[in-house]
>>> print(open('protein32.tsv').read())   # TSV, C-alpha atoms and all ligand atoms
chain	number	residue	atom	x	y	z
A	1	MET	CA	-49.72	-8.46	14.33
A	2	LYS	CA	-49.12	-10.51	11.21
A	3	LEU	CA	-45.74	-10.11	9.48
A	4	TYR	CA	-45.16	-11.25	5.91
A	5	SER	CA	-41.44	-11.91	5.57
A	6	PHE	CA	-38.69	-14.22	4.33
A	7	TRP	CA	-35.37	-15.07	5.96
A	8	ARG	CA	-33.26	-13.50	3.20
A	9	SER	CA	-35.30	-10.31	2.78
A	10	LEU	CA	-33.22	-7.33	3.90
A	11	ALA	CA	-36.28	-5.07	4.10
A	12	SER	CA	-37.99	-7.62	6.39
A	13	TYR	CA	-34.80	-7.71	8.47
A	14	ARG	CA	-35.20	-3.95	9.06
A	15	VAL	CA	-38.73	-4.44	10.37
A	16	ARG	CA	-37.73	-7.45	12.50
A	17	ILE	CA	-34.99	-5.36	14.17
A	18	VAL	CA	-37.48	-2.62	15.03
A	19	MET	CA	-40.01	-5.11	16.41
A	20	ASN	CA	-37.27	-6.58	18.62
A	21	LEU	CA	-36.15	-3.12	19.78
A	22	LYS	CA	-39.73	-2.28	20.73
A	23	GLY	CA	-40.30	-5.65	22.43
A	24	LEU	CA	-42.95	-6.62	19.88
A	25	LYS	CA	-43.48	-10.18	18.70
A	26	PRO	CA	-45.66	-10.87	15.68
A	27	ASP	CA	-48.60	-13.16	16.48
A	28	GLU	CA	-48.06	-14.77	13.10
A	29	VAL	CA	-45.16	-14.78	10.65
A	30	ILE	CA	-46.14	-15.66	7.11
A	31	ASP	CA	-43.28	-16.91	5.03
A	32	VAL	CA	-43.32	-15.69	1.42
A	33	ASN	CA	-40.54	-17.61	-0.33
A	34	LEU	CA	-38.81	-15.14	-2.63
A	35	MET	CA	-36.67	-17.89	-4.12
A	36	LYS	CA	-39.83	-19.67	-5.30
A	37	GLY	CA	-41.43	-16.43	-6.56
A	38	GLN	CA	-44.29	-16.63	-4.03
A	39	GLN	CA	-44.30	-12.81	-3.83
A	40	ARG	CA	-45.92	-12.82	-7.29
A	41	GLU	CA	-48.69	-15.27	-6.39
A	42	ASP	CA	-52.26	-13.95	-6.12
A	43	ALA	CA	-52.45	-14.50	-2.36
A	44	PHE	CA	-49.58	-12.11	-1.63
A	45	ARG	CA	-50.29	-9.73	-4.50
A	46	LYS	CA	-53.58	-8.94	-2.77
A	47	VAL	CA	-51.62	-8.03	0.39
A	48	ASN	CA	-48.97	-5.91	-1.36
A	49	PRO	CA	-49.55	-5.06	-5.04
A	50	MET	CA	-45.82	-4.17	-5.33
A	51	MET	CA	-45.17	-7.90	-4.70
A	52	ALA	CA	-42.39	-7.07	-2.26
A	53	LEU	CA	-41.70	-7.93	1.37
A	54	PRO	CA	-42.30	-6.99	4.09
A	55	ALA	CA	-45.95	-6.31	4.82
A	56	LEU	CA	-47.45	-5.91	8.26
A	57	VAL	CA	-51.07	-6.29	9.29
A	58	ASP	CA	-51.80	-4.75	12.68
A	59	GLY	CA	-55.18	-5.82	14.03
A	60	ASP	CA	-57.85	-5.62	11.38
A	61	GLY	CA	-55.52	-3.97	8.86
A	62	PRO	CA	-55.10	-2.62	6.27
A	63	ALA	CA	-51.80	-4.21	5.32
A	64	LEU	CA	-48.90	-1.79	5.73
A	65	PHE	CA	-46.13	-1.90	3.12
A	66	GLU	CA	-42.63	-0.43	2.52
A	67	SER	CA	-40.20	-1.10	5.35
A	68	LEU	CA	-39.51	2.55	6.24
A	69	ALA	CA	-43.24	3.35	6.40
A	70	ILE	CA	-43.82	0.28	8.59
A	71	ILE	CA	-40.89	1.23	10.83
A	72	GLU	CA	-42.17	4.78	11.33
A	73	TYR	CA	-45.66	3.38	12.04
A	74	LEU	CA	-44.18	1.11	14.73
A	75	ASP	CA	-42.17	4.03	16.13
A	76	GLU	CA	-45.29	6.19	16.32
A	77	THR	CA	-47.49	3.49	17.87
A	78	HIS	CA	-44.78	2.17	20.23
A	79	PRO	CA	-42.65	5.24	21.02
A	80	ASN	CA	-40.17	3.52	23.37
A	81	PRO	CA	-37.34	3.48	22.62
A	82	PRO	CA	-37.66	6.36	20.11
A	83	LEU	CA	-35.90	5.69	16.81
A	84	LEU	CA	-35.79	9.26	15.51
A	85	PRO	CA	-34.07	12.23	17.18
A	86	LYS	CA	-36.20	15.09	18.48
A	87	ASP	CA	-34.74	17.92	16.41
A	88	PRO	CA	-35.88	18.40	12.79
A	89	LYS	CA	-32.34	18.56	11.38
A	90	GLY	CA	-31.37	15.40	13.22
A	91	ARG	CA	-34.52	13.66	11.97
A	92	ALA	CA	-33.71	14.72	8.42
A	93	ARG	CA	-30.15	13.37	8.72
A	94	VAL	CA	-31.33	10.05	10.13
A	95	ARG	CA	-34.03	9.68	7.46
A	96	GLY	CA	-31.50	10.64	4.79
A	97	LEU	CA	-29.03	7.97	5.93
A	98	ALA	CA	-31.84	5.42	6.05
A	99	GLN	CA	-33.02	6.35	2.56
A	100	ILE	CA	-29.54	5.96	1.04
A	101	VAL	CA	-29.91	2.31	2.00
A	102	ALA	CA	-33.61	1.67	1.52
A	103	CYS	CA	-34.31	3.92	-1.48
A	104	ASP	CA	-31.03	4.39	-3.38
A	105	SER	CA	-29.13	1.12	-2.97
A	106	HIS	CA	-31.27	-1.82	-1.89
A	107	PRO	CA	-33.94	-1.49	-4.65
A	108	LEU	CA	-31.23	-2.03	-7.28
A	109	VAL	CA	-30.30	-5.49	-5.99
A	110	VAL	CA	-33.69	-7.05	-5.15
A	111	PRO	CA	-34.83	-10.29	-6.86
A	112	ARG	CA	-37.07	-8.59	-9.46
A	113	VAL	CA	-34.11	-6.49	-10.67
A	114	ARG	CA	-31.63	-9.40	-10.61
A	115	GLU	CA	-34.15	-11.58	-12.47
A	116	TYR	CA	-34.70	-8.84	-15.09
A	117	LEU	CA	-30.94	-8.55	-15.60
A	118	GLU	CA	-30.74	-12.32	-16.01
A	119	HIS	CA	-33.79	-13.14	-18.12
A	120	ASP	CA	-34.43	-9.96	-20.12
A	121	LEU	CA	-30.98	-8.41	-20.45
A	122	LYS	CA	-29.21	-11.82	-20.52
A	123	LEU	CA	-26.45	-10.79	-18.11
A	124	ASP	CA	-24.54	-13.79	-16.76
A	125	GLU	CA	-23.93	-14.31	-13.04
A	126	PRO	CA	-20.50	-12.56	-12.89
A	127	ALA	CA	-21.99	-9.49	-14.62
A	128	ARG	CA	-24.98	-9.50	-12.26
A	129	ASN	CA	-22.62	-9.68	-9.29
A	130	ILE	CA	-20.66	-6.70	-10.61
A	131	TRP	CA	-23.97	-4.78	-10.83
A	132	CYS	CA	-24.96	-5.63	-7.25
A	133	GLN	CA	-21.52	-4.88	-5.83
A	134	ASN	CA	-21.38	-1.56	-7.69
A	135	TRP	CA	-24.60	-0.26	-6.13
A	136	HIS	CA	-23.62	-1.58	-2.72
A	137	ARG	CA	-20.29	0.26	-2.88
A	138	ALA	CA	-21.93	3.48	-4.10
A	139	ALA	CA	-24.11	3.55	-0.98
A	140	LEU	CA	-21.28	2.46	1.30
A	141	SER	CA	-19.05	5.29	-0.01
A	142	ALA	CA	-21.74	7.89	0.67
A	143	LEU	CA	-22.50	6.43	4.10
A	144	GLU	CA	-18.79	6.32	4.96
A	145	THR	CA	-18.48	10.06	4.27
A	146	HIS	CA	-21.62	10.88	6.24
A	147	LEU	CA	-20.54	8.72	9.17
A	148	ALA	CA	-17.23	10.62	9.41
A	149	ASP	CA	-19.31	13.63	10.52
A	150	LYS	CA	-19.23	14.71	14.16
A	151	ALA	CA	-22.97	13.99	14.40
A	152	THR	CA	-22.03	10.30	14.43
A	153	GLY	CA	-21.36	8.73	17.82
A	154	LYS	CA	-21.40	5.13	18.92
A	155	HIS	CA	-24.29	4.85	16.50
A	156	ALA	CA	-25.04	6.54	13.18
A	157	HIS	CA	-26.54	9.60	14.87
A	158	GLY	CA	-25.21	10.16	18.37
A	159	ASP	CA	-25.11	7.31	20.84
A	160	SER	CA	-28.70	6.10	20.55
A	161	ILE	CA	-30.05	3.65	18.03
A	162	THR	CA	-32.05	5.25	15.24
A	163	ILE	CA	-33.67	4.14	12.01
A	164	ALA	CA	-30.32	4.88	10.32
A	165	ASP	CA	-28.68	2.07	12.33
A	166	VAL	CA	-31.49	-0.30	11.39
A	167	CYS	CA	-30.77	0.39	7.72
A	168	ILE	CA	-27.01	0.15	8.21
A	169	ALA	CA	-27.51	-3.34	9.63
A	170	SER	CA	-29.43	-4.38	6.52
A	171	GLN	CA	-26.75	-2.87	4.27
A	172	GLY	CA	-24.13	-4.83	6.23
A	173	ALA	CA	-26.01	-8.12	5.76
A	174	GLY	CA	-26.40	-7.31	2.05
A	175	ALA	CA	-22.65	-6.70	1.78
A	176	THR	CA	-22.08	-10.23	3.10
A	177	PHE	CA	-24.64	-11.73	0.70
A	178	PHE	CA	-23.07	-9.96	-2.29
A	179	LYS	CA	-19.47	-10.41	-1.12
A	180	VAL	CA	-18.60	-6.74	-0.76
A	181	ASP	CA	-15.48	-6.09	1.33
A	182	LEU	CA	-16.20	-3.62	4.14
A	183	ALA	CA	-12.50	-2.84	4.84
A	184	PRO	CA	-12.57	0.42	2.82
A	185	PHE	CA	-15.51	1.64	4.95
A	186	PRO	CA	-14.21	1.70	8.56
A	187	ASN	CA	-16.78	4.18	9.95
A	188	PHE	CA	-19.59	2.10	8.48
A	189	LYS	CA	-18.03	-1.08	9.89
A	190	ARG	CA	-17.66	0.45	13.35
A	191	VAL	CA	-21.33	1.49	13.48
A	192	LEU	CA	-22.40	-1.88	12.03
A	193	ASP	CA	-20.40	-3.73	14.71
A	194	ALA	CA	-22.01	-1.59	17.44
A	195	CYS	CA	-25.44	-2.57	16.08
A	196	MET	CA	-24.64	-6.24	15.80
A	197	ALA	CA	-23.49	-6.34	19.44
A	198	ASN	CA	-27.12	-5.59	20.31
A	199	ASP	CA	-29.32	-8.67	20.73
A	200	ALA	CA	-32.31	-7.03	18.98
A	201	PHE	CA	-30.21	-6.78	15.81
A	202	ALA	CA	-28.44	-10.12	16.18
A	203	ARG	CA	-31.71	-12.08	16.67
A	204	ALA	CA	-33.28	-10.45	13.64
A	205	HIS	CA	-30.39	-11.32	11.30
A	206	PRO	CA	-31.43	-13.15	8.11
A	207	LEU	CA	-29.25	-16.17	8.90
A	208	LYS	CA	-30.97	-16.57	12.30
A	209	GLN	CA	-34.42	-17.01	10.75
A	210	PRO	CA	-36.23	-20.35	10.25
A	211	GLY	CA	-35.37	-21.84	6.88
A	212	ALA	CA	-32.09	-19.92	6.51
A	213	PRO	CA	-28.90	-21.76	5.57
A	214	ALA	CA	-25.93	-21.70	7.99
A	215	ALA	CA	-24.09	-19.31	5.65
A	216	VAL	CA	-24.49	-17.74	2.21
A	301	LIG	N1	-38.46	-0.42	-0.73
A	301	LIG	C1	-39.01	-1.65	-0.22
A	301	LIG	C2	-38.25	-2.80	-0.80
A	301	LIG	C3	-39.06	-4.03	-0.73
A	301	LIG	C4	-38.39	-5.14	-1.51
A	301	LIG	O1	-38.00	-4.98	-2.66
A	301	LIG	N2	-38.28	-6.27	-0.84
A	301	LIG	C5	-37.64	-7.41	-1.46
A	301	LIG	C6	-37.03	-8.32	-0.45
A	301	LIG	S1	-35.85	-7.49	0.53
A	301	LIG	C7	-38.69	-8.22	-2.21
A	301	LIG	O2	-39.65	-8.67	-1.63
A	301	LIG	N3	-38.47	-8.37	-3.49
A	301	LIG	C8	-39.33	-9.15	-4.32
A	301	LIG	C9	-38.88	-9.07	-5.76
A	301	LIG	O3	-37.95	-8.30	-6.02
A	301	LIG	O4	-39.45	-9.78	-6.56
A	301	LIG	C10	-38.95	-1.69	1.31
A	301	LIG	O5	-38.03	-1.09	1.88
A	301	LIG	O6	-39.83	-2.31	1.90
>>> encode(input="protein32.tsv", output="structure tokens")
Amino acid sequence: MKLYSFWRSLASYRVRIVMNLKGLKPDEVIDVNLMKGQQREDAFRKVNPMMALPALVDGDGPALFESLAIIEYLDETHPNPPLLPKDPKGRARVRGLAQIVACDSHPLVVPRVREYLEHDLKLDEPARNIWCQNWHRAALSALETHLADKATGKHAHGDSITIADVCIASQGAGATFFKVDLAPFPNFKRVLDACMANDAFARAHPLKQPGAPAAV
């Protein structure tokens, strides 16, 4: 398996967590430096025309793209431990929680959006930070309400790790990057802490990757 990723990429973090949970190690990790704009270079554009990380090539391909699609592919091809509940309503809840992170919140704070705000809309750094924090908090508020539900256990859905926890971990790392206080979101924080106590999550953290700074 060949994983295209970057230390800071929250979507790559999600896939790294799942690979660790499944005991999978990529044969090759290809660093695409988002800070240098390498995602827009021809070499990577051919791999993922959306010019976004991560991408995963399993065997002779084709390249898989979009973190949630890659995660479900890994869950289907390596079913242990399962990362979705068995019942359809449970699966829908877990996918819904995951999509609040991966589809409603994270896409609003990725480099291409922040760069558009800076270069095209001429927003200065404080204004861009307000933007990022706003969309983080919107997702955290929704997640906080959902996680108060009795369906939540030690983890986001019951006591087993699911795709929802994987996404919660990436939202938690994003909150640190964008300096969002988690104190108003105690249910979220509790589930995040339970995830981060697990070595598969801790090892996959952006700041544990080669090339990462000690702190952001
Ligand atoms: N919905 C995508 C998001 C992919 C994405 O935007 N990844 C970011 C890094 S976390 C990226 O590569 N952005 C490049 C850019 O915005 O130019 C997923 O979950 O895989």
>>> residues_around(input="protein32.tsv", residues="segment 27-40 of chain A", least_positions_apart="4", cutoff="12 Å", atoms="all atoms listed in the file", output="ChimeraX atom specification")
/A:1-10,12,16,19,44-59,110-112,114-115,209-212
>>> atom_distance(input="protein32.tsv", atom1="atom CA of Val191 of chain A", atom2="atom CA of Leu64 of chain A")
28.8 Å
>>> axis_aligned_box(input="protein32.tsv", around="ligand LIG 301 (chain A)", padding_each_side="6 Å", output="JSON")
{"center_x": -37.8, "center_y": -5.1, "center_z": -2.3, "size_x": 16.0, "size_y": 21.4, "size_z": 20.5}
>>> closest_residue(input="protein32.tsv", among="A:Asp104, A:Glu66, A:Asp181, A:Asp60", to="ligand LIG 301 (chain A)", atoms="only C-alpha atoms and all ligand atoms")
A:Glu66
>>> atom_distance(input="protein32.tsv", atom1="atom CA of Ala164 of chain A", atom2="atom CA of Val94 of chain A")
5.3 Å
>>> closest_residue(input="protein32.tsv", among="A:Val109, A:Leu123, A:Ala200, A:Ala148", to="ligand LIG 301 (chain A)", atoms="all atoms listed in the file")
A:Val109
>>> closest_residue(input="protein32.tsv", among="A:Ala173, A:Cys103, A:Ala202, A:Leu192", to="ligand LIG 301 (chain A)", atoms="all atoms listed in the file")
A:Cys103
>>> closest_residue(input="protein32.tsv", among="A:Leu84, A:Leu117, A:Val18, A:Val101", to="ligand LIG 301 (chain A)", atoms="all atoms listed in the file")
A:Val101
>>> closest_residue(input="protein32.tsv", among="A:Asp75, A:Asp42, A:Asp165, A:Asp120", to="Gly96 of chain A", atoms="only C-alpha atoms")
A:Asp165
>>> closest_residue(input="protein32.tsv", among="A:Gly158, A:Pro213, A:Pro81, A:Gly153", to="Asn20 of chain A", atoms="only C-alpha atoms")
A:Pro81
>>> atom_distance(input="protein32.tsv", atom1="atom CA of Ala139 of chain A", atom2="atom CA of Ile100 of chain A")
6.3 Å
>>> residues_around(input="protein32.tsv", residues="Lys179 of chain A", least_positions_apart="2", cutoff="10 Å", atoms="only C-alpha atoms", output="PyMOL selection string")
chain A and resi 129+132-133+136+173-177+181-182+216
